[in-house]
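J.: Please find data-v4.csv (CSV, C-alpha atoms) on the next line:
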```csv
chain,number,residue,atom,x,y,z
K,256,MET,CA,5.5,1.6,19.4
K,257,LYS,CA,5.5,-1.1,16.7
K,258,ALA,CA,3.8,-1.4,13.3
K,259,GLN,CA,1.5,-4.0,14.7
K,260,ASP,CA,0.2,-1.4,17.2
K,261,ILE,CA,-1.2,0.9,14.5
K,262,MET,CA,-1.6,-1.2,11.3
K,263,THR,CA,-4.9,-2.1,9.8
K,264,ARG,CA,-5.1,-5.9,10.1
K,265,ASP,CA,-6.1,-8.2,7.3
K,266,PRO,CA,-6.9,-5.6,4.7
K,267,ARG,CA,-9.0,-6.5,1.7
K,268,THR,CA,-6.9,-8.0,-1.1
K,269,VAL,CA,-7.0,-8.8,-4.8
K,270,THR,CA,-5.0,-11.2,-7.0
K,271,PRO,CA,-3.2,-10.5,-10.2
K,272,ASP,CA,-6.1,-12.1,-12.0
K,273,THR,CA,-8.8,-9.9,-10.4
K,274,PRO,CA,-10.5,-7.8,-13.0
K,275,ILE,CA,-9.4,-4.2,-12.7
K,276,THR,CA,-13.0,-3.0,-12.5
K,277,GLU,CA,-13.5,-5.3,-9.5
K,278,ALA,CA,-10.5,-3.7,-7.8
K,279,ALA,CA,-11.8,-0.2,-8.4
K,280,ARG,CA,-15.2,-1.3,-7.0
K,281,LEU,CA,-13.6,-2.7,-3.9
K,282,MET,CA,-11.6,0.5,-3.4
K,283,LYS,CA,-14.9,2.5,-3.6
K,284,GLU,CA,-16.7,0.1,-1.3
K,285,GLN,CA,-13.9,0.0,1.3
K,286,ASP,CA,-13.1,3.7,0.9
K,287,VAL,CA,-9.4,3.0,0.3
K,288,GLY,CA,-6.8,4.1,-2.2
K,289,ILE,CA,-4.8,0.9,-2.2
K,290,LEU,CA,-5.3,-2.8,-2.3
K,291,PRO,CA,-2.6,-5.3,-1.6
K,292,VAL,CA,-2.2,-7.9,-4.4
K,293,VAL,CA,-1.6,-11.4,-3.1
K,294,GLU,CA,-0.5,-14.5,-5.1
K,295,SER,CA,-3.9,-16.2,-5.0
K,296,SER,CA,-7.2,-16.3,-3.2
K,297,SER,CA,-5.8,-19.1,-1.0
K,298,SER,CA,-2.4,-17.3,-0.3
K,299,LYS,CA,-1.5,-14.2,1.6
K,300,LYS,CA,1.9,-13.9,-0.1
K,301,LEU,CA,2.2,-10.3,-1.2
K,302,VAL,CA,3.2,-9.8,-4.8
K,303,GLY,CA,2.4,-6.1,-5.2
K,304,VAL,CA,-0.2,-3.4,-4.7
K,305,ILE,CA,-2.7,-1.6,-6.9
K,306,THR,CA,-3.6,2.0,-6.1
K,307,ASP,CA,-6.3,4.3,-7.4
K,308,ARG,CA,-3.5,6.2,-9.1
K,309,ASP,CA,-2.3,3.0,-10.8
K,310,ILE,CA,-5.8,2.5,-12.2
K,311,THR,CA,-6.2,6.0,-13.4
K,312,ILE,CA,-2.7,6.6,-14.8
K,313,ARG,CA,-1.5,3.2,-16.0
K,314,HIS,CA,-4.9,1.8,-17.0
K,315,VAL,CA,-7.4,4.5,-17.9
K,316,ALA,CA,-5.0,7.1,-19.2
K,317,GLY,CA,-3.0,4.4,-20.9
K,318,GLY,CA,-6.1,3.5,-23.0
K,319,HIS,CA,-6.5,0.0,-21.7
K,320,MET,CA,-9.7,-2.0,-22.1
K,321,PRO,CA,-12.0,-2.2,-19.0
K,322,ASP,CA,-11.7,-6.0,-18.9
K,323,CYS,CA,-7.9,-5.9,-18.0
K,324,LYS,CA,-6.6,-7.7,-15.0
K,325,VAL,CA,-4.9,-6.2,-12.0
K,326,ARG,CA,-1.5,-7.5,-13.1
K,327,GLU,CA,-1.6,-5.0,-16.0
K,328,ALA,CA,-1.6,-1.9,-13.7
K,329,MET,CA,-0.2,-3.1,-10.3
K,330,SER,CA,3.1,-2.1,-8.8
K,331,SER,CA,5.4,-5.0,-7.9
K,332,GLY,CA,8.6,-5.1,-6.0
K,333,VAL,CA,6.9,-3.0,-3.3
K,334,LYS,CA,8.9,-2.2,-0.1
K,335,THR,CA,7.4,-3.7,3.0
K,336,CYS,CA,7.9,-3.7,6.8
K,337,ARG,CA,7.3,-6.3,9.5
K,338,ALA,CA,4.7,-6.2,12.3
K,339,ASP,CA,7.5,-6.0,14.9
K,340,ASP,CA,9.3,-3.1,13.2
K,341,ASP,CA,9.4,0.0,15.4
K,342,LEU,CA,7.4,3.0,14.1
K,343,ASN,CA,10.6,5.0,13.4
K,344,SER,CA,11.7,2.3,11.0
K,345,VAL,CA,8.3,2.3,9.3
K,346,MET,CA,8.5,6.1,8.9
K,347,ASP,CA,12.0,5.8,7.5
K,348,VAL,CA,10.9,3.4,4.8
K,349,MET,CA,7.8,5.5,4.0
K,350,GLY,CA,9.9,8.6,3.8
K,351,SER,CA,12.7,7.2,1.7
K,352,GLU,CA,10.3,5.4,-0.7
K,353,GLN,CA,7.9,8.4,-0.7
K,354,VAL,CA,4.8,6.2,-0.2
K,355,ARG,CA,1.7,7.0,1.7
K,356,ARG,CA,1.0,3.3,2.7
K,357,ILE,CA,3.3,0.4,3.5
K,358,PRO,CA,2.3,-3.3,3.5
K,359,ILE,CA,3.2,-5.2,6.6
K,360,VAL,CA,4.3,-8.8,6.1
K,361,ASP,CA,5.3,-11.8,8.2
K,362,GLU,CA,8.6,-13.7,7.9
K,363,ARG,CA,7.3,-15.6,4.9
K,364,GLY,CA,6.2,-12.5,3.0
K,365,GLY,CA,2.5,-13.1,3.9
K,366,LEU,CA,0.4,-10.0,4.2
K,367,VAL,CA,-0.7,-9.2,7.8
K,368,GLY,CA,-1.6,-5.6,7.6
K,369,ILE,CA,-1.0,-2.1,6.2
K,370,VAL,CA,0.2,1.2,7.7
K,371,ALA,CA,-1.1,4.4,6.2
K,372,GLN,CA,0.2,7.9,6.4
K,373,ALA,CA,-2.9,8.8,8.4
K,374,ASP,CA,-2.1,6.1,11.0
K,375,ILE,CA,1.4,7.6,11.5
K,376,VAL,CA,0.0,11.1,11.9
K,377,ILE,CA,-2.7,10.0,14.4
K,378,GLU,CA,-0.7,7.5,16.4
K,379,ALA,CA,3.0,8.6,16.3
K,380,PRO,CA,4.3,9.5,19.7
K,381,ASN,CA,6.8,12.0,18.1
K,382,ASP,CA,4.8,14.6,16.2
K,383,LYS,CA,7.9,16.2,14.7
K,384,ARG,CA,9.1,12.9,13.3
K,385,ALA,CA,5.7,12.2,11.8
K,386,GLU,CA,5.6,15.7,10.3
K,387,ARG,CA,9.1,15.1,8.7
K,388,THR,CA,7.9,11.8,7.3
K,389,VAL,CA,4.9,13.4,5.7
K,390,GLU,CA,7.1,16.1,4.2
K,391,LYS,CA,9.5,13.5,2.8
K,392,ILE,CA,6.6,11.5,1.3
K,393,SER,CA,5.2,14.7,-0.3
K,394,GLU,CA,8.4,16.1,-1.8
K,395,LYS,CA,8.0,17.0,-5.5
K,396,GLY,CA,9.6,14.6,-7.9
K,397,GLY,CA,8.9,11.7,-5.6
K,398,LYS,CA,7.7,8.2,-6.6
K,399,HIS,CA,4.2,8.5,-5.2
K,400,ARG,CA,3.5,4.9,-6.3
K,401,GLN,CA,1.2,4.3,-3.4
```
Would you mind writing the file out in structure tokens?
T.:
Amino acid sequence: MKAQDIMTRDPRTVTPDTPITEAARLMKEQDVGILPVVESSSSKKLVGVITDRDITIRHVAGGHMPDCKVREAMSSGVKTCRADDDLNSVMDVMGSEQVRRIPIVDERGGLVGIVAQADIVIEAPNDKRAERTVEKISEKGGKHRQ
């Protein structure tokens, strides 16, 4: 099984210049905890992600003004996988990075989808491997950026 077999294709995105309140509204509207951040509205080149946790911890708890842009709270340098990566490789990256969601990009770094922990649990053919991945993601002291 490959990442492309279970990923959510063409997820909603924001740009670094999107108002953070708009990103939060989109998360609520889409019922998601992450939005990939792309270079511009005309580009799918991934430059980072913003999560509900980024907004609450980096933005709100940090005392920032509500008119801030996504760039002020987003995570950059995010690990990614490719659509043709096998599911075991995706689980390895998610476990080692301790992230619940991983952006899927093409050969040019353009966003094509996202794989979430829930996708792994529901679709993984190896339940024990999926269980170990979830355990690694959830270990105390982890990054939990996403």
J.: Would you mind telling me which residue in K:Ile305, K:Ala338, K:Met346, K:Val367 lies nearest to Lys383 of chain K when using only C-alpha atoms?
T.: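 Checking each candidate against Lys383 of chain K, we get K:Met346 as the closest.
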J.: In Å, with one decimal, what is the gap from atom CA of Gly303 of chain K to atom CA of Ser330 of chain K?
T.: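 Atom CA of Ser330 of chain K lies 5.4 Å from atom CA of Gly303 of chain K.
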J.: If you measure from atom CA of Gln372 of chain K to atom CA of Arg356 of chain K, what distance in Å do you get, rounded to one decimal?
T.: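 So the two atoms, atom CA of Gln372 of chain K and atom CA of Arg356 of chain K, lie 6.0 Å apart.
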J.: Can you tell me, as a VMD selection string, what residues are no more than 9 Å from Pro321 of chain K when counting only C-alpha atoms, ignoring any on the same chain fewer than 6 positions away?
T.: chain K and resid 274 to 276 314 to 315
J.: Between K:Lys300, K:Arg280, K:Lys324, K:Lys391, which residue has the minimum interatomic distance to Pro358 of chain K, considering all atoms listed in the file?
T.: K:Lys300
J.: So how many Å separate atom CA of Ala373 of chain K and atom CA of Ser295 of chain K, to one decimal?
T.: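 Here the two named atoms are 28.4 Å from each other.
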J.: I'd like to know which of K:Ile312, K:Leu281, K:Met256, K:Ile289 is closest to Ala371 of chain K, using only C-alpha atoms.
T.: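 Closest residue, counting only C-alpha atoms: K:Ile289.
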J.: Ranking K:Glu352, K:Glu386, K:Asp260, K:Asp361 by minimum distance to Gly332 of chain K and counting all atoms listed in the file, which one comes first?
T.: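 The shortest atom-to-atom distance to Gly332 of chain K comes from K:Glu352.
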J.: Hey, can you pull every residue with an atom no more than 9 Å from (6.5, 3.1, 13.0), using all atoms listed in the file, and send it as a list in words?
T.: Met256, Lys257, Ala258, Gln259, Asp260, Ile261, Asp340, Asp341, Leu342, Asn343, Ser344, Val345, Met346, Asp347, Val370, Ile375 and Ala379 of chain K
J.: My list of candidates is K:Glu294, K:Asp374, K:Asp272, K:Glu362. Which is closest to Ala328 of chain K when distances are computed with all atoms listed in the file?
T.: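 For Ala328 of chain K, the nearest of the candidates is K:Asp272.
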J.: Need the shell around Arg267 of chain K: protein/DNA/RNA residues with any atom at most 9 Å away, counting all atoms listed in the file. Skip same-chain ones fewer than 3 positions apart. Format as a VMD selection string?
T.: chain K and resid 281 285 290 to 291
J.: With distances taken over only C-alpha atoms, which of K:Leu301, K:Ala278, K:Ile377, K:Val325 is nearest to Ile357 of chain K?
T.: K:Leu301
J.: If I only have part of segment 262-293 of chain K, can you fill in N, CA and C atoms and write it as a compact mmCIF listing (two decimals), keeping the file's coordinate frame?
T.:
```
# COMPACT_ATOMS: atom_id res chain seq x y z
N MET K 262 -1.26 -0.73 12.68
CA MET K 262 -1.60 -1.20 11.30
C MET K 262 -3.09 -1.61 11.27
N THR K 263 -3.64 -1.51 10.07
CA THR K 263 -4.90 -2.10 9.80
C THR K 263 -4.67 -3.56 9.49
N ARG K 264 -5.30 -4.41 10.27
CA ARG K 264 -5.10 -5.90 10.10
C ARG K 264 -5.96 -6.44 9.02
N ASP K 265 -5.40 -7.43 8.34
CA ASP K 265 -6.10 -8.20 7.30
C ASP K 265 -6.90 -7.29 6.35
N PRO K 266 -6.20 -6.40 5.64
CA PRO K 266 -6.90 -5.60 4.70
C PRO K 266 -7.46 -6.38 3.52
N ARG K 267 -8.46 -5.85 2.85
CA ARG K 267 -9.00 -6.50 1.70
C ARG K 267 -7.89 -6.64 0.64
N THR K 268 -7.91 -7.71 -0.12
CA THR K 268 -6.90 -8.00 -1.10
C THR K 268 -7.49 -8.35 -2.44
N VAL K 269 -6.67 -8.31 -3.47
CA VAL K 269 -7.00 -8.80 -4.80
C VAL K 269 -5.87 -9.70 -5.25
N THR K 270 -6.08 -10.41 -6.35
CA THR K 270 -5.00 -11.20 -7.00
C THR K 270 -4.66 -10.58 -8.30
N PRO K 271 -3.55 -10.99 -8.89
CA PRO K 271 -3.20 -10.50 -10.20
C PRO K 271 -4.27 -10.72 -11.27
N ASP K 272 -5.07 -11.77 -11.07
CA ASP K 272 -6.10 -12.10 -12.00
C ASP K 272 -7.46 -11.45 -11.78
N THR K 273 -7.56 -10.65 -10.72
CA THR K 273 -8.80 -9.90 -10.40
C THR K 273 -9.03 -8.90 -11.54
N PRO K 274 -10.25 -8.81 -12.06
CA PRO K 274 -10.50 -7.80 -13.00
C PRO K 274 -10.29 -6.37 -12.42
N ILE K 275 -9.72 -5.48 -13.18
CA ILE K 275 -9.40 -4.20 -12.70
C ILE K 275 -10.65 -3.40 -12.24
N THR K 276 -11.76 -3.66 -12.91
CA THR K 276 -13.00 -3.00 -12.50
C THR K 276 -13.47 -3.47 -11.15
N GLU K 277 -13.20 -4.73 -10.82
CA GLU K 277 -13.50 -5.30 -9.50
C GLU K 277 -12.65 -4.62 -8.43
N ALA K 278 -11.36 -4.42 -8.74
CA ALA K 278 -10.50 -3.70 -7.80
C ALA K 278 -10.94 -2.32 -7.53
N ALA K 279 -11.33 -1.62 -8.58
CA ALA K 279 -11.80 -0.20 -8.40
C ALA K 279 -13.13 -0.24 -7.58
N ARG K 280 -14.00 -1.20 -7.81
CA ARG K 280 -15.20 -1.30 -7.00
C ARG K 280 -14.95 -1.55 -5.56
N LEU K 281 -13.99 -2.44 -5.29
CA LEU K 281 -13.60 -2.70 -3.90
C LEU K 281 -13.02 -1.49 -3.22
N MET K 282 -12.21 -0.73 -3.95
CA MET K 282 -11.60 0.50 -3.40
C MET K 282 -12.76 1.46 -3.00
N LYS K 283 -13.74 1.59 -3.88
CA LYS K 283 -14.90 2.50 -3.60
C LYS K 283 -15.66 1.98 -2.39
N GLU K 284 -15.96 0.69 -2.39
CA GLU K 284 -16.70 0.10 -1.30
C GLU K 284 -16.03 0.19 0.04
N GLN K 285 -14.71 -0.01 0.05
CA GLN K 285 -13.90 0.00 1.30
C GLN K 285 -13.41 1.42 1.63
N ASP K 286 -13.61 2.37 0.70
CA ASP K 286 -13.10 3.70 0.90
C ASP K 286 -11.62 3.75 1.13
N VAL K 287 -10.87 3.06 0.25
CA VAL K 287 -9.40 3.00 0.30
C VAL K 287 -8.80 3.35 -1.00
N GLY K 288 -7.54 3.73 -0.97
CA GLY K 288 -6.80 4.10 -2.20
C GLY K 288 -5.81 3.05 -2.61
N ILE K 289 -5.77 1.93 -1.89
CA ILE K 289 -4.80 0.90 -2.20
C ILE K 289 -5.38 -0.47 -1.83
N LEU K 290 -5.02 -1.46 -2.63
CA LEU K 290 -5.30 -2.80 -2.30
C LEU K 290 -4.08 -3.67 -2.49
N PRO K 291 -3.68 -4.40 -1.46
CA PRO K 291 -2.60 -5.30 -1.60
C PRO K 291 -2.94 -6.41 -2.63
N VAL K 292 -1.96 -6.83 -3.41
CA VAL K 292 -2.20 -7.90 -4.40
C VAL K 292 -1.43 -9.12 -3.84
N VAL K 293 -2.18 -10.20 -3.63
CA VAL K 293 -1.60 -11.40 -3.10
C VAL K 293 -1.57 -12.48 -4.23
```
